[in-house]
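Colleague: So here's upload29.pdb, just PDB, C-alpha atoms:
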```pdb
ATOM      1  CA  MET Y   1      60.015  73.893 124.453  1.00  0.00           C
ATOM      2  CA  THR Y   2      62.908  71.849 125.851  1.00  0.00           C
ATOM      3  CA  ASP Y   3      66.521  72.935 125.949  1.00  0.00           C
ATOM      4  CA  SER Y   4      68.280  70.889 123.245  1.00  0.00           C
ATOM      5  CA  ARG Y   5      71.676  71.704 124.768  1.00  0.00           C
ATOM      6  CA  ARG Y   6      71.068  69.949 128.061  1.00  0.00           C
ATOM      7  CA  ASP Y   7      73.530  67.355 129.285  1.00  0.00           C
ATOM      8  CA  ILE Y   8      72.766  63.748 128.477  1.00  0.00           C
ATOM      9  CA  PRO Y   9      72.666  61.688 131.677  1.00  0.00           C
ATOM     10  CA  ARG Y  10      75.238  58.886 131.627  1.00  0.00           C
ATOM     11  CA  VAL Y  11      72.546  56.306 132.390  1.00  0.00           C
ATOM     12  CA  LYS Y  12      70.827  57.201 129.108  1.00  0.00           C
ATOM     13  CA  MET Y  13      74.044  56.613 127.140  1.00  0.00           C
ATOM     14  CA  SER Y  14      74.904  53.252 125.665  1.00  0.00           C
ATOM     15  CA  ALA Y  15      78.045  51.508 126.883  1.00  0.00           C
ATOM     16  CA  ALA Y  16      79.714  52.305 123.544  1.00  0.00           C
ATOM     17  CA  GLU Y  17      78.853  55.997 123.837  1.00  0.00           C
ATOM     18  CA  ARG Y  18      80.191  56.169 127.402  1.00  0.00           C
ATOM     19  CA  GLN Y  19      83.383  54.444 126.249  1.00  0.00           C
ATOM     20  CA  PHE Y  20      83.889  56.836 123.300  1.00  0.00           C
ATOM     21  CA  ARG Y  21      83.268  59.902 125.472  1.00  0.00           C
ATOM     22  CA  SER Y  22      85.590  58.643 128.193  1.00  0.00           C
ATOM     23  CA  ARG Y  23      88.403  58.019 125.708  1.00  0.00           C
ATOM     24  CA  LEU Y  24      87.866  61.439 124.109  1.00  0.00           C
ATOM     25  CA  LYS Y  25      87.981  63.164 127.478  1.00  0.00           C
ATOM     26  CA  LYS Y  26      91.161  61.326 128.423  1.00  0.00           C
ATOM     27  CA  LEU Y  27      92.917  62.177 125.143  1.00  0.00           C
ATOM     28  CA  LEU Y  28      91.937  65.842 125.279  1.00  0.00           C
ATOM     29  CA  ALA Y  29      92.984  66.243 128.911  1.00  0.00           C
ATOM     30  CA  SER Y  30      96.301  64.436 128.830  1.00  0.00           C
ATOM     31  CA  ARG Y  31      98.318  65.645 125.841  1.00  0.00           C
ATOM     32  CA  GLY Y  32      98.302  67.951 122.884  1.00  0.00           C
ATOM     33  CA  VAL Y  33      96.571  67.257 119.601  1.00  0.00           C
ATOM     34  CA  LEU Y  34      97.862  68.250 116.205  1.00  0.00           C
ATOM     35  CA  ARG Y  35      96.282  67.891 112.773  1.00  0.00           C
ATOM     36  CA  GLY Y  36      98.719  66.855 110.108  1.00  0.00           C
ATOM     37  CA  THR Y  37     100.848  64.040 108.796  1.00  0.00           C
ATOM     38  CA  VAL Y  38     104.314  63.124 109.966  1.00  0.00           C
ATOM     39  CA  VAL Y  39     106.648  62.123 107.147  1.00  0.00           C
ATOM     40  CA  ARG Y  40     110.246  60.991 107.193  1.00  0.00           C
ATOM     41  CA  ARG Y  41     112.475  62.361 104.455  1.00  0.00           C
ATOM     42  CA  GLU Y  42     116.114  62.196 103.521  1.00  0.00           C
ATOM     43  CA  ARG Y  43     117.930  65.215 102.130  1.00  0.00           C
ATOM     44  CA  THR Y  44     121.324  66.484 101.127  1.00  0.00           C
ATOM     45  CA  CYS Y  45     122.846  69.462 102.899  1.00  0.00           C
ATOM     46  CA  GLY Y  46     124.870  70.741  99.959  1.00  0.00           C
ATOM     47  CA  ARG Y  47     128.348  70.530 101.501  1.00  0.00           C
ATOM     48  CA  PRO Y  48     130.618  68.863  98.932  1.00  0.00           C
ATOM     49  CA  ASN Y  49     132.633  66.819 101.470  1.00  0.00           C
ATOM     50  CA  CYS Y  50     129.618  65.564 103.469  1.00  0.00           C
ATOM     51  CA  LYS Y  51     128.540  61.931 103.458  1.00  0.00           C
ATOM     52  CA  CYS Y  52     125.258  62.993 101.822  1.00  0.00           C
ATOM     53  CA  ALA Y  53     127.192  64.007  98.696  1.00  0.00           C
ATOM     54  CA  ARG Y  54     128.193  60.335  98.410  1.00  0.00           C
ATOM     55  CA  GLY Y  55     124.618  59.092  98.797  1.00  0.00           C
ATOM     56  CA  GLU Y  56     124.168  58.801 102.597  1.00  0.00           C
ATOM     57  CA  LYS Y  57     121.448  61.410 102.976  1.00  0.00           C
ATOM     58  CA  HIS Y  58     120.456  63.093 106.236  1.00  0.00           C
ATOM     59  CA  PRO Y  59     117.190  61.736 107.680  1.00  0.00           C
ATOM     60  CA  GLY Y  60     114.618  64.188 108.963  1.00  0.00           C
ATOM     61  CA  MET Y  61     111.042  64.265 110.113  1.00  0.00           C
ATOM     62  CA  TYR Y  62     108.504  66.796 108.834  1.00  0.00           C
ATOM     63  CA  LEU Y  63     104.988  67.785 109.769  1.00  0.00           C
ATOM     64  CA  VAL Y  64     102.811  68.311 106.689  1.00  0.00           C
ATOM     65  CA  VAL Y  65      99.542  70.246 107.002  1.00  0.00           C
ATOM     66  CA  SER Y  66      97.122  71.422 104.353  1.00  0.00           C
ATOM     67  CA  GLU Y  67      95.649  74.871 105.033  1.00  0.00           C
ATOM     68  CA  ASP Y  68      93.384  76.745 102.636  1.00  0.00           C
ATOM     69  CA  GLY Y  69      94.297  74.329  99.849  1.00  0.00           C
ATOM     70  CA  GLU Y  70      98.020  74.843 100.302  1.00  0.00           C
ATOM     71  CA  ARG Y  71     100.395  72.318 101.762  1.00  0.00           C
ATOM     72  CA  ARG Y  72     102.741  73.554 104.472  1.00  0.00           C
ATOM     73  CA  GLN Y  73     105.718  71.667 105.860  1.00  0.00           C
ATOM     74  CA  LEU Y  74     107.617  72.139 109.052  1.00  0.00           C
ATOM     75  CA  HIS Y  75     110.838  70.409 110.048  1.00  0.00           C
ATOM     76  CA  ILE Y  76     110.514  68.642 113.386  1.00  0.00           C
ATOM     77  CA  PRO Y  77     113.646  68.816 115.549  1.00  0.00           C
ATOM     78  CA  LYS Y  78     114.972  65.453 116.702  1.00  0.00           C
ATOM     79  CA  ASP Y  79     114.008  66.053 120.346  1.00  0.00           C
ATOM     80  CA  TRP Y  80     110.400  66.868 119.290  1.00  0.00           C
ATOM     81  CA  GLU Y  81     109.842  63.884 116.977  1.00  0.00           C
ATOM     82  CA  GLU Y  82     108.238  61.568 119.535  1.00  0.00           C
ATOM     83  CA  THR Y  83     106.002  64.299 120.974  1.00  0.00           C
ATOM     84  CA  VAL Y  84     104.770  65.538 117.594  1.00  0.00           C
ATOM     85  CA  ALA Y  85     104.142  61.991 116.363  1.00  0.00           C
ATOM     86  CA  GLN Y  86     102.063  61.305 119.511  1.00  0.00           C
ATOM     87  CA  TRP Y  87     100.043  64.516 119.080  1.00  0.00           C
ATOM     88  CA  VAL Y  88      99.271  63.623 115.454  1.00  0.00           C
ATOM     89  CA  SER Y  89      98.326  60.077 116.445  1.00  0.00           C
ATOM     90  CA  ASP Y  90      96.046  61.396 119.213  1.00  0.00           C
ATOM     91  CA  TYR Y  91      94.368  63.795 116.768  1.00  0.00           C
ATOM     92  CA  GLN Y  92      93.665  60.922 114.382  1.00  0.00           C
ATOM     93  CA  GLU Y  93      92.244  58.798 117.210  1.00  0.00           C
ATOM     94  CA  ILE Y  94      90.041  61.694 118.385  1.00  0.00           C
ATOM     95  CA  ARG Y  95      88.781  62.191 114.856  1.00  0.00           C
ATOM     96  CA  GLU Y  96      87.864  58.501 114.580  1.00  0.00           C
ATOM     97  CA  LEU Y  97      86.162  58.525 117.990  1.00  0.00           C
ATOM     98  CA  LEU Y  98      84.105  61.559 116.960  1.00  0.00           C
ATOM     99  CA  GLU Y  99      83.052  59.753 113.781  1.00  0.00           C
ATOM    100  CA  GLN Y 100      81.956  56.706 115.792  1.00  0.00           C
ATOM    101  CA  LEU Y 101      80.082  58.895 118.269  1.00  0.00           C
ATOM    102  CA  SER Y 102      78.406  60.696 115.367  1.00  0.00           C
ATOM    103  CA  ARG Y 103      77.279  57.342 113.928  1.00  0.00           C
ATOM    104  CA  LEU Y 104      75.751  56.422 117.292  1.00  0.00           C
ATOM    105  CA  HIS Y 105      73.813  59.680 117.367  1.00  0.00           C
ATOM    106  CA  TRP Y 106      72.742  59.235 113.746  1.00  0.00           C
ATOM    107  CA  ASP Y 107      71.236  55.907 114.764  1.00  0.00           C
ATOM    108  CA  LYS Y 108      69.471  57.563 117.716  1.00  0.00           C
ATOM    109  CA  VAL Y 109      67.926  60.151 115.415  1.00  0.00           C
ATOM    110  CA  THR Y 110      66.755  57.514 112.945  1.00  0.00           C
ATOM    111  CA  ARG Y 111      65.189  55.521 115.821  1.00  0.00           C
ATOM    112  CA  ARG Y 112      63.831  58.750 117.395  1.00  0.00           C
ATOM    113  CA  GLU Y 113      65.600  58.030 120.675  1.00  0.00           C
ATOM    114  CA  ARG Y 114      67.008  60.666 122.987  1.00  0.00           C
TER
END
```
Show me the file's structure as structure tokens.
Modeller:
Amino acid sequence: MTDSRRDIPRVKMSAAERQFRSRLKKLLASRGVLRGTVVRRERTCGRPNCKCARGEKHPGMYLVVSEDGERRQLHIPKDWEETVAQWVSDYQEIRELLEQLSRLHWDKVTRRER
């Protein structure tokens, strides 16, 4: 019986598979990844003399994540906005790359290729 967990030699991988794996490795090694959605909202602070009481609301960025069927929100501080947005974007790209890699392997199974 062969070990089904053995490494796949790069020469046996298609160019597309090597490209997907390389991009995945680069994304996972370089920055953080974060599942969620970044949304921009405007709110009022409640102070009667503030500009938001006259309609100029305060902009803010929030991270929205669904866990166990419940939606959670977290305010993102201004100095974290770019970082969090990048982590979310990287997560979405990783997810798409994994889907594409999975499709490649599905095709291999249907063709009975290793």
Colleague: Taking into account all atoms listed in the file, which residue in the set Y:Arg103, Y:Arg112, Y:Arg43, Y:Arg31 is nearest to Y:Asp90?
Modeller: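 Using all atoms listed in the file, Y:Asp90 sits closest to Y:Arg31.
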Colleague: On this structure, which residues satisfy the PyMOL selection byres ((chain Y and resi 92-97) around 8), written as a list in words?
Modeller: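 Selected by the PyMOL selection byres ((chain Y and resi 92-97) around 8) here: Phe20, Leu24, Leu27, Arg35, Val88, Ser89, Asp90, Tyr91, Leu98, Glu99, Gln100 and Leu101 of chain Y.
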Colleague: Taking into account only C-alpha atoms, which residue in the set Y:Tyr62, Y:Ala16, Y:Glu42, Y:Ala53 is nearest to Y:Lys78?
Modeller: Y:Tyr62
Colleague: Using the chain letters and numbers from the file, which residues does the PyMOL selection byres ((chain Y and resi 45) around 12) grab, as an mmCIF file with C-alpha atoms, in the coordinates of the input?
Modeller:
```cif
data_model
loop_
_atom_site.group_PDB
_atom_site.id
_atom_site.type_symbol
_atom_site.label_atom_id
_atom_site.label_comp_id
_atom_site.auth_asym_id
_atom_site.auth_seq_id
_atom_site.Cartn_x
_atom_site.Cartn_y
_atom_site.Cartn_z
ATOM 1 C CA GLU Y 42 116.114 62.196 103.521
ATOM 2 C CA ARG Y 43 117.930 65.215 102.130
ATOM 3 C CA THR Y 44 121.324 66.484 101.127
ATOM 4 C CA GLY Y 46 124.870 70.741 99.959
ATOM 5 C CA ARG Y 47 128.348 70.530 101.501
ATOM 6 C CA PRO Y 48 130.618 68.863 98.932
ATOM 7 C CA ASN Y 49 132.633 66.819 101.470
ATOM 8 C CA CYS Y 50 129.618 65.564 103.469
ATOM 9 C CA LYS Y 51 128.540 61.931 103.458
ATOM 10 C CA CYS Y 52 125.258 62.993 101.822
ATOM 11 C CA ALA Y 53 127.192 64.007 98.696
ATOM 12 C CA ARG Y 54 128.193 60.335 98.410
ATOM 13 C CA GLY Y 55 124.618 59.092 98.797
ATOM 14 C CA GLU Y 56 124.168 58.801 102.597
ATOM 15 C CA LYS Y 57 121.448 61.410 102.976
ATOM 16 C CA HIS Y 58 120.456 63.093 106.236
ATOM 17 C CA PRO Y 59 117.190 61.736 107.680
ATOM 18 C CA GLY Y 60 114.618 64.188 108.963
#
```
Colleague: With a distance cut-off of 7 Å and all atoms listed in the file, select the neighbouring residues of Y:Val65, excluding the residue or stretch itself and same-chain residues fewer than 6 positions from it, and output the selection as number ranges by chain.
Modeller: Y: 36-37, 71-73
Colleague: Identify, on the basis of all atoms listed in the file, every residue whose closest approach to Y:Glu17 does not exceed 8 Å; exclude the query and any residue fewer than 4 positions from it along the same chain; express the result as a PDB file with C-alpha atoms, in the coordinates of the input.
Modeller:
```pdb
ATOM      1  CA  MET Y  13      74.044  56.613 127.140  1.00  0.00           C
ATOM      2  CA  ARG Y  21      83.268  59.902 125.472  1.00  0.00           C
ATOM      3  CA  LEU Y 101      80.082  58.895 118.269  1.00  0.00           C
ATOM      4  CA  LEU Y 104      75.751  56.422 117.292  1.00  0.00           C
TER       5      LEU Y 104
END
```
Colleague: Rank Y:Gln86, Y:Ser14, Y:Thr110, Y:Ser102 by their smallest atom-to-atom distance to Y:Ser30, using all atoms listed in the file, and report the top residue only.
Modeller: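 Closest residue, counting all atoms listed in the file: Y:Gln86.
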Colleague: Kindly give the distance, in Å, that separates atom CA of Y:Asp107 and atom CA of Y:Arg18, rounded to a single decimal.
Modeller: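 Computed distance, atom CA of Y:Asp107 to atom CA of Y:Arg18, equals 15.5 Å.
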Colleague: To one decimal in Å, tell me the separation between atom CA of Y:Val39 and atom CA of Y:Leu63.
Modeller: 6.5 Å
Colleague: What is the atom CA of Y:Val84 to atom CA of Y:Ser66 distance in Å?
Modeller: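 Between atom CA of Y:Val84 and atom CA of Y:Ser66 the gap is 16.4 Å.
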